[in-house]
Amino acid sequence: MVRLSDLRDRDVINVNDGRRLGVISDLDLDLEKGVIRALILLGAGGFMGVIARKNDLVIPWAQVKKIGVDAILVDCPVECE
C-alpha cells in the first residue's frame with residue numbers, strides 16, 4: 001500500500017527527457033470508482049512559489065509508468081508541460 005504522504009516525498013521525472021517535473025501537491029480522485037485520475041504538481045513559481053506562479057501541471061494516471069522508492073516516472077509529452 002502506498003500513502004499520499006509517501007508519494008509527496010518523491011520526485012516526478014519525465015521519462016522522455018529525464019527532467020524533474022516537481023513533486024506531487026495533490027491527486028485528482030474518482031471517488032465513485034475509487035481510482036486516481038491524475039497527479040497534480042505545483043506550477044512553476046516566482047519568488048517563494050507565490051508571485052507569478054504558472055498553472056499547476058496535471059498528469060493523467062495513465063501516463064504514470066513506474067512508482068519507485070525515490071521517484072515516480074511519467075511519460076509526459078511536451079504538450080503536458
# chains A, B, ... in the order shown; residues from 1 in each chain; ligands from 1

call {"tool": "residues_around", "arguments": {"residues": "A:Pro60", "least_positions_apart": "6", "cutoff": "10 Å", "atoms": "only C-alpha atoms", "output": "MDAnalysis selection string"}}
result
chainID A and resid 27:28 36:40 74:76 80

call {"tool": "closest_residue", "arguments": {"among": "A:Asp6, A:Asp26, A:Gly43, A:Trp61", "to": "A:Leu73", "atoms": "only C-alpha atoms"}}
result
A:Trp61

call {"tool": "atom_distance", "arguments": {"atom1": "atom CA of A:Leu7", "atom2": "atom CA of A:Glu32"}}
result
22.0 Å

call {"tool": "closest_residue", "arguments": {"among": "A:Leu57, A:Leu41, A:Lys65, A:Asp30", "to": "A:Asp11", "atoms": "only C-alpha atoms"}}
result
A:Leu41

call {"tool": "closest_residue", "arguments": {"among": "A:Gly18, A:Ile67, A:Asp9, A:Leu42", "to": "A:Asn55", "atoms": "only C-alpha atoms"}}
result
A:Leu42

call {"tool": "atom_distance", "arguments": {"atom1": "atom CA of A:Leu21", "atom2": "atom CA of A:Arg3"}}
result
20.2 Å

call {"tool": "atom_distance", "arguments": {"atom1": "atom CA of A:Arg20", "atom2": "atom CA of A:Val35"}}
result
24.9 Å

call {"tool": "closest_residue", "arguments": {"among": "A:Leu29, A:Ile72, A:Gly34, A:Val58", "to": "A:Asn14", "atoms": "only C-alpha atoms"}}
result
A:Ile72
